[in-house]
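Here's the structure we're looking at; comments come further down.
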Amino acid sequence: MPEDCIFCMIRDGVIPSEKLYSDDDCFVIRDINPLAPTHLLVIPNRCFSQLSELVDEPDAMFASVFAAARKMAAQEGIAESGYRLIVNQGSDGGQEVAHFHMHILGGKSLRGLGLG
Ligand code: AMP
């Protein structure tokens, strides 16, 4: 784990941030720069940057990430209206924080922002 990883520091409580949800595999925070009324980040506890780094990651970890997204969408009241899940990977993907995470965006129509 890089010592300057923001999400590791949030995970470890070094940087204060409200954890809306946590389990053995992941936790959820609000994005500091929201691009929609609901903008959350689902962050695995394990620090890795890209899917390509994983050769033996248990499916259970990704199941937890998607389960957390499903629970948080319901909790935020956007399960019925819909939402977008985004994972940015690498430079061309626009990834800024090198600790894998999934964005949950919703609370308004995301049509017209590209990709549908
Ligand atoms: P990405 O471009 O997919 O790497 O997205 C990184 C996201 O992390 C951006 O949307 C940032 O606004 C968000 N972010 C960076 N620092 C923090 C922080 N301290 N707390 C919450 N979100 C953050």
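In the structure tokens, chains take the letters A, B, ... in the order shown, each chain's residues start at 1, and ligands count up from 1 in the order shown.
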
When the cut-off is 7 Å and you count only C-alpha atoms and all ligand atoms, which residues lie near ligand 1, shown as number ranges by chain? A: 6, 17, 29-34, 87-88, 94-98, 101

Could those residues be written to a file, using N, CA, C and O atoms, as a PDB file, in the first residue's frame?
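Full text of selection-v4.pdb as output:
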```
ATOM      1  N   ILE A   6      -4.825   8.095  -0.542  1.00  0.00           N
ATOM      2  CA  ILE A   6      -5.917   8.794   0.154  1.00  0.00           C
ATOM      3  C   ILE A   6      -6.948   7.802   0.691  1.00  0.00           C
ATOM      4  O   ILE A   6      -7.416   7.933   1.833  1.00  0.00           O
ATOM      5  N   SER A  17     -13.474  10.796   7.354  1.00  0.00           N
ATOM      6  CA  SER A  17     -14.513  10.776   6.318  1.00  0.00           C
ATOM      7  C   SER A  17     -15.605   9.842   6.810  1.00  0.00           C
ATOM      8  O   SER A  17     -15.320   8.754   7.316  1.00  0.00           O
ATOM      9  N   ILE A  29     -18.075   5.868   0.942  1.00  0.00           N
ATOM     10  CA  ILE A  29     -18.052   7.275   1.357  1.00  0.00           C
ATOM     11  C   ILE A  29     -18.705   8.130   0.275  1.00  0.00           C
ATOM     12  O   ILE A  29     -18.903   7.678  -0.853  1.00  0.00           O
ATOM     13  N   ARG A  30     -19.021   9.379   0.631  1.00  0.00           N
ATOM     14  CA  ARG A  30     -19.494  10.326  -0.385  1.00  0.00           C
ATOM     15  C   ARG A  30     -18.284  10.921  -1.100  1.00  0.00           C
ATOM     16  O   ARG A  30     -17.277  11.242  -0.464  1.00  0.00           O
ATOM     17  N   ASP A  31     -18.419  11.087  -2.419  1.00  0.00           N
ATOM     18  CA  ASP A  31     -17.343  11.730  -3.173  1.00  0.00           C
ATOM     19  C   ASP A  31     -17.241  13.189  -2.738  1.00  0.00           C
ATOM     20  O   ASP A  31     -18.250  13.878  -2.564  1.00  0.00           O
ATOM     21  N   ILE A  32     -16.016  13.654  -2.556  1.00  0.00           N
ATOM     22  CA  ILE A  32     -15.777  15.014  -2.069  1.00  0.00           C
ATOM     23  C   ILE A  32     -16.145  16.056  -3.127  1.00  0.00           C
ATOM     24  O   ILE A  32     -16.358  17.228  -2.803  1.00  0.00           O
ATOM     25  N   ASN A  33     -16.220  15.636  -4.379  1.00  0.00           N
ATOM     26  CA  ASN A  33     -16.534  16.550  -5.484  1.00  0.00           C
ATOM     27  C   ASN A  33     -17.694  15.963  -6.284  1.00  0.00           C
ATOM     28  O   ASN A  33     -17.510  15.459  -7.396  1.00  0.00           O
ATOM     29  N   PRO A  34     -18.905  16.001  -5.719  1.00  0.00           N
ATOM     30  CA  PRO A  34     -20.017  15.258  -6.325  1.00  0.00           C
ATOM     31  C   PRO A  34     -20.406  15.775  -7.704  1.00  0.00           C
ATOM     32  O   PRO A  34     -20.521  16.978  -7.920  1.00  0.00           O
ATOM     33  N   VAL A  87     -16.236   2.510 -13.060  1.00  0.00           N
ATOM     34  CA  VAL A  87     -14.890   2.191 -12.570  1.00  0.00           C
ATOM     35  C   VAL A  87     -13.901   2.753 -13.587  1.00  0.00           C
ATOM     36  O   VAL A  87     -13.843   2.280 -14.730  1.00  0.00           O
ATOM     37  N   ASN A  88     -13.173   3.783 -13.200  1.00  0.00           N
ATOM     38  CA  ASN A  88     -12.148   4.350 -14.076  1.00  0.00           C
ATOM     39  C   ASN A  88     -10.855   3.568 -13.903  1.00  0.00           C
ATOM     40  O   ASN A  88     -10.440   3.297 -12.767  1.00  0.00           O
ATOM     41  N   GLY A  94      -9.237   7.909 -17.034  1.00  0.00           N
ATOM     42  CA  GLY A  94      -9.468   9.071 -16.176  1.00  0.00           C
ATOM     43  C   GLY A  94      -9.308   8.786 -14.696  1.00  0.00           C
ATOM     44  O   GLY A  94      -9.783   9.558 -13.860  1.00  0.00           O
ATOM     45  N   GLN A  95      -8.616   7.696 -14.364  1.00  0.00           N
ATOM     46  CA  GLN A  95      -8.457   7.352 -12.948  1.00  0.00           C
ATOM     47  C   GLN A  95      -7.492   8.317 -12.275  1.00  0.00           C
ATOM     48  O   GLN A  95      -6.381   8.541 -12.752  1.00  0.00           O
ATOM     49  N   GLU A  96      -7.947   8.903 -11.157  1.00  0.00           N
ATOM     50  CA  GLU A  96      -7.116   9.852 -10.407  1.00  0.00           C
ATOM     51  C   GLU A  96      -6.534   9.221  -9.151  1.00  0.00           C
ATOM     52  O   GLU A  96      -5.419   9.553  -8.757  1.00  0.00           O
ATOM     53  N   VAL A  97      -7.319   8.397  -8.492  1.00  0.00           N
ATOM     54  CA  VAL A  97      -6.864   7.776  -7.235  1.00  0.00           C
ATOM     55  C   VAL A  97      -6.530   6.310  -7.522  1.00  0.00           C
ATOM     56  O   VAL A  97      -7.399   5.543  -7.961  1.00  0.00           O
ATOM     57  N   ALA A  98      -5.269   5.947  -7.270  1.00  0.00           N
ATOM     58  CA  ALA A  98      -4.768   4.608  -7.636  1.00  0.00           C
ATOM     59  C   ALA A  98      -5.113   3.568  -6.569  1.00  0.00           C
ATOM     60  O   ALA A  98      -4.243   2.813  -6.111  1.00  0.00           O
ATOM     61  N   HIS A 101     -11.842   1.673  -7.023  1.00  0.00           N
ATOM     62  CA  HIS A 101     -13.100   2.127  -6.418  1.00  0.00           C
ATOM     63  C   HIS A 101     -14.175   2.161  -7.489  1.00  0.00           C
ATOM     64  O   HIS A 101     -13.885   2.285  -8.683  1.00  0.00           O
TER      65      HIS A 101
END
```

Using the chain letters and numbers from this document, which residues of region 4-51 of chain A does DSSP assign to strand (DSSP E or B), as a PyMOL selection string? chain A and resi 21-22+26-30+38-44

Write a file of the just-selected residues containing all heavy atoms, as a tab-separated table (two decimals), in the first residue's frame.
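Saved file selection_22.tsv follows:
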```
chain	number	residue	atom	x	y	z
A	21	TYR	N	-21.18	3.00	4.98
A	21	TYR	CA	-21.36	1.54	5.02
A	21	TYR	C	-19.97	0.93	5.10
A	21	TYR	O	-19.01	1.48	4.55
A	21	TYR	CB	-22.06	1.06	3.74
A	21	TYR	CG	-22.09	-0.43	3.60
A	21	TYR	CD1	-23.11	-1.18	4.19
A	21	TYR	CD2	-21.08	-1.10	2.91
A	21	TYR	CE1	-23.12	-2.57	4.08
A	21	TYR	CE2	-21.10	-2.49	2.81
A	21	TYR	CZ	-22.12	-3.20	3.39
A	21	TYR	OH	-22.12	-4.57	3.30
A	22	SER	N	-19.87	-0.18	5.79
A	22	SER	CA	-18.61	-0.94	5.73
A	22	SER	C	-18.89	-2.40	6.04
A	22	SER	O	-19.84	-2.73	6.78
A	22	SER	CB	-17.57	-0.37	6.69
A	22	SER	OG	-17.97	-0.52	8.02
A	26	CYS	N	-15.19	-4.03	2.03
A	26	CYS	CA	-15.23	-2.70	1.41
A	26	CYS	C	-15.94	-1.69	2.31
A	26	CYS	O	-16.56	-2.06	3.31
A	26	CYS	CB	-15.92	-2.77	0.05
A	26	CYS	SG	-17.67	-3.24	0.12
A	27	PHE	N	-15.85	-0.41	1.91
A	27	PHE	CA	-16.57	0.65	2.62
A	27	PHE	C	-17.05	1.68	1.59
A	27	PHE	O	-16.61	1.67	0.44
A	27	PHE	CB	-15.71	1.30	3.70
A	27	PHE	CG	-14.45	1.94	3.20
A	27	PHE	CD1	-14.39	3.31	2.95
A	27	PHE	CD2	-13.30	1.19	2.98
A	27	PHE	CE1	-13.22	3.91	2.49
A	27	PHE	CE2	-12.12	1.79	2.52
A	27	PHE	CZ	-12.08	3.15	2.27
A	28	VAL	N	-17.97	2.54	2.05
A	28	VAL	CA	-18.60	3.51	1.14
A	28	VAL	C	-18.51	4.91	1.76
A	28	VAL	O	-18.80	5.08	2.95
A	28	VAL	CB	-20.08	3.16	0.90
A	28	VAL	CG1	-20.75	4.20	0.00
A	28	VAL	CG2	-20.20	1.76	0.27
A	29	ILE	N	-18.08	5.87	0.94
A	29	ILE	CA	-18.05	7.28	1.36
A	29	ILE	C	-18.71	8.13	0.27
A	29	ILE	O	-18.90	7.68	-0.85
A	29	ILE	CB	-16.61	7.79	1.60
A	29	ILE	CG1	-15.77	7.70	0.31
A	29	ILE	CG2	-15.95	7.01	2.74
A	29	ILE	CD1	-14.39	8.34	0.43
A	30	ARG	N	-19.02	9.38	0.63
A	30	ARG	CA	-19.49	10.33	-0.39
A	30	ARG	C	-18.28	10.92	-1.10
A	30	ARG	O	-17.28	11.24	-0.46
A	30	ARG	CB	-20.30	11.46	0.26
A	30	ARG	CG	-21.63	11.01	0.74
A	30	ARG	CD	-22.59	12.15	1.04
A	30	ARG	NE	-23.72	11.59	1.78
A	30	ARG	CZ	-24.72	10.92	1.23
A	30	ARG	NH1	-24.76	10.75	-0.08
A	30	ARG	NH2	-25.67	10.41	1.98
A	38	THR	N	-26.54	12.24	-5.86
A	38	THR	CA	-25.90	11.12	-5.15
A	38	THR	C	-24.62	10.77	-5.89
A	38	THR	O	-24.64	10.49	-7.10
A	38	THR	CB	-26.81	9.88	-5.11
A	38	THR	OG1	-27.92	10.15	-4.25
A	38	THR	CG2	-26.06	8.67	-4.57
A	39	HIS	N	-23.50	10.87	-5.20
A	39	HIS	CA	-22.22	10.45	-5.77
A	39	HIS	C	-21.42	9.80	-4.65
A	39	HIS	O	-20.86	10.49	-3.78
A	39	HIS	CB	-21.47	11.63	-6.36
A	39	HIS	CG	-20.21	11.24	-7.12
A	39	HIS	ND1	-19.49	12.12	-7.88
A	39	HIS	CD2	-19.56	10.03	-7.23
A	39	HIS	CE1	-18.45	11.49	-8.42
A	39	HIS	NE2	-18.47	10.22	-8.02
A	40	LEU	N	-21.42	8.47	-4.67
A	40	LEU	CA	-20.75	7.69	-3.63
A	40	LEU	C	-19.59	6.92	-4.25
A	40	LEU	O	-19.55	6.70	-5.47
A	40	LEU	CB	-21.73	6.71	-2.98
A	40	LEU	CG	-23.06	7.27	-2.46
A	40	LEU	CD1	-23.88	6.14	-1.85
A	40	LEU	CD2	-22.83	8.38	-1.47
A	41	LEU	N	-18.68	6.50	-3.40
A	41	LEU	CA	-17.57	5.65	-3.82
A	41	LEU	C	-17.58	4.38	-2.98
A	41	LEU	O	-17.61	4.45	-1.75
A	41	LEU	CB	-16.24	6.38	-3.60
A	41	LEU	CG	-16.06	7.72	-4.31
A	41	LEU	CD1	-14.78	8.41	-3.82
A	41	LEU	CD2	-16.03	7.55	-5.83
A	42	VAL	N	-17.58	3.23	-3.67
A	42	VAL	CA	-17.43	1.94	-2.99
A	42	VAL	C	-15.96	1.55	-3.13
A	42	VAL	O	-15.46	1.42	-4.26
A	42	VAL	CB	-18.32	0.86	-3.60
A	42	VAL	CG1	-18.24	-0.42	-2.76
A	42	VAL	CG2	-19.77	1.33	-3.72
A	43	ILE	N	-15.30	1.38	-2.00
A	43	ILE	CA	-13.85	1.21	-1.99
A	43	ILE	C	-13.48	-0.10	-1.30
A	43	ILE	O	-13.79	-0.28	-0.11
A	43	ILE	CB	-13.17	2.40	-1.25
A	43	ILE	CG1	-13.62	3.72	-1.88
A	43	ILE	CG2	-11.66	2.25	-1.26
A	43	ILE	CD1	-13.21	4.95	-1.08
A	44	PRO	N	-12.83	-1.03	-2.01
A	44	PRO	CA	-12.37	-2.25	-1.33
A	44	PRO	C	-11.34	-1.91	-0.26
A	44	PRO	O	-10.56	-0.97	-0.41
A	44	PRO	CB	-11.72	-3.07	-2.45
A	44	PRO	CG	-12.23	-2.50	-3.72
A	44	PRO	CD	-12.50	-1.05	-3.44
```

Which residue, A:Leu20, A:Ala74, A:Met9, A:Gln50, has the smallest gap to Gly93 (chain A) when you use only C-alpha atoms?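 Residue with the minimum atom-to-atom distance to Gly93 (chain A): A:Gln50.
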
Please measure the separation of CA of Gly107 (chain A) and CA of Ala67 (chain A), giving the value in Å to one decimal.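 So the answer is 19.1 Å.
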
I'd like the neighbourhood of Leu51 (chain A) as a list in words, where a residue qualifies if any of its atoms comes within 12 Å (using only C-alpha atoms), though same-chain residues fewer than 4 positions away should be ignored. Cys47, Val55, Asp56, Glu57, Phe62, Val87, Asn88, Gln89, Gly90, Ala98, His99, Phe100, His101 and Met102 of chain A

Determine, counting only C-alpha atoms, which protein, DNA and RNA residues have an atom within 10 Å of an atom of Asp24 (chain A); residues of the same chain fewer than 5 positions away are not included. Present the result as number ranges by chain. A: 44-45, 61, 64

Between CA of Lys71 (chain A) and CA of Arg11 (chain A), what is the distance in Å, rounded to a tenth?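 It comes out at 19.3 Å.
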
Would you work out the distance separating CA of Leu35 (chain A) from CA of Asp4 (chain A), expressed in Å to one decimal?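 Interatomic distance here is 24.5 Å.
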
Residue among A:Cys8, A:Ile78, A:Ala69, A:Val14 lying closest to Arg46 (chain A), counting only C-alpha atoms: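 Of A:Cys8, A:Ile78, A:Ala69, A:Val14, the one nearest Arg46 (chain A) is A:Cys8, counting only C-alpha atoms.
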
Among the residues of chain A, find those DSSP assigns to alpha helix (DSSP H) from the backbone and print them as a VMD selection string. chain A and resid 6 to 11 59 to 76

Using only C-alpha atoms: which of A:Phe48, A:Gly82, A:Ile104, A:Asp25 has the shortest distance to Phe7 (chain A):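 Of all the options, A:Phe48 lies closest to Phe7 (chain A).
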
For Ser109 (chain A), list every protein, DNA or RNA residue within 9 Å, evaluated using only C-alpha atoms, and leave out those in the same chain fewer than 2 positions away; present the list as a ChimeraX atom specification. /A:81-83,106-107,111-112

Could the residues in this selection be saved with all heavy atoms as a CSV table (one decimal), in the first residue's frame?
```csv
chain,number,residue,atom,x,y,z
A,81,SER,N,-35.2,4.9,-9.6
A,81,SER,CA,-35.0,5.9,-10.6
A,81,SER,C,-33.8,5.6,-11.5
A,81,SER,O,-33.7,6.0,-12.6
A,81,SER,CB,-34.9,7.3,-10.0
A,81,SER,OG,-33.9,7.3,-9.0
A,82,GLY,N,-32.9,4.8,-10.9
A,82,GLY,CA,-31.7,4.4,-11.7
A,82,GLY,C,-30.5,5.1,-11.3
A,82,GLY,O,-30.5,6.2,-10.6
A,83,TYR,N,-29.4,4.6,-11.7
A,83,TYR,CA,-28.1,5.2,-11.4
A,83,TYR,C,-27.0,4.6,-12.3
A,83,TYR,O,-27.3,3.7,-13.1
A,83,TYR,CB,-27.7,4.9,-9.9
A,83,TYR,CG,-27.8,3.5,-9.5
A,83,TYR,CD1,-26.7,2.6,-9.5
A,83,TYR,CD2,-29.1,2.9,-9.0
A,83,TYR,CE1,-26.8,1.3,-9.1
A,83,TYR,CE2,-29.2,1.6,-8.6
A,83,TYR,CZ,-28.1,0.8,-8.6
A,83,TYR,OH,-28.2,-0.5,-8.3
A,106,GLY,N,-26.2,9.1,-9.2
A,106,GLY,CA,-27.6,9.1,-9.4
A,106,GLY,C,-28.3,10.3,-8.8
A,106,GLY,O,-27.7,11.2,-8.3
A,107,GLY,N,-29.6,10.3,-8.8
A,107,GLY,CA,-30.4,11.4,-8.3
A,107,GLY,C,-30.8,12.4,-9.3
A,107,GLY,O,-31.4,13.4,-9.0
A,111,ARG,N,-28.4,10.9,-18.7
A,111,ARG,CA,-28.4,10.9,-20.2
A,111,ARG,C,-27.8,12.2,-20.7
A,111,ARG,O,-28.0,13.2,-20.1
A,111,ARG,CB,-29.8,10.8,-20.7
A,111,ARG,CG,-30.5,9.4,-20.5
A,111,ARG,CD,-31.9,9.3,-21.1
A,111,ARG,NE,-32.5,8.1,-20.7
A,111,ARG,CZ,-32.3,7.0,-21.4
A,111,ARG,NH1,-31.5,6.9,-22.5
A,111,ARG,NH2,-32.9,5.9,-21.0
A,112,GLY,N,-27.0,12.0,-21.8
A,112,GLY,CA,-26.4,13.2,-22.3
A,112,GLY,C,-25.0,13.5,-21.8
A,112,GLY,O,-24.3,14.3,-22.3
```
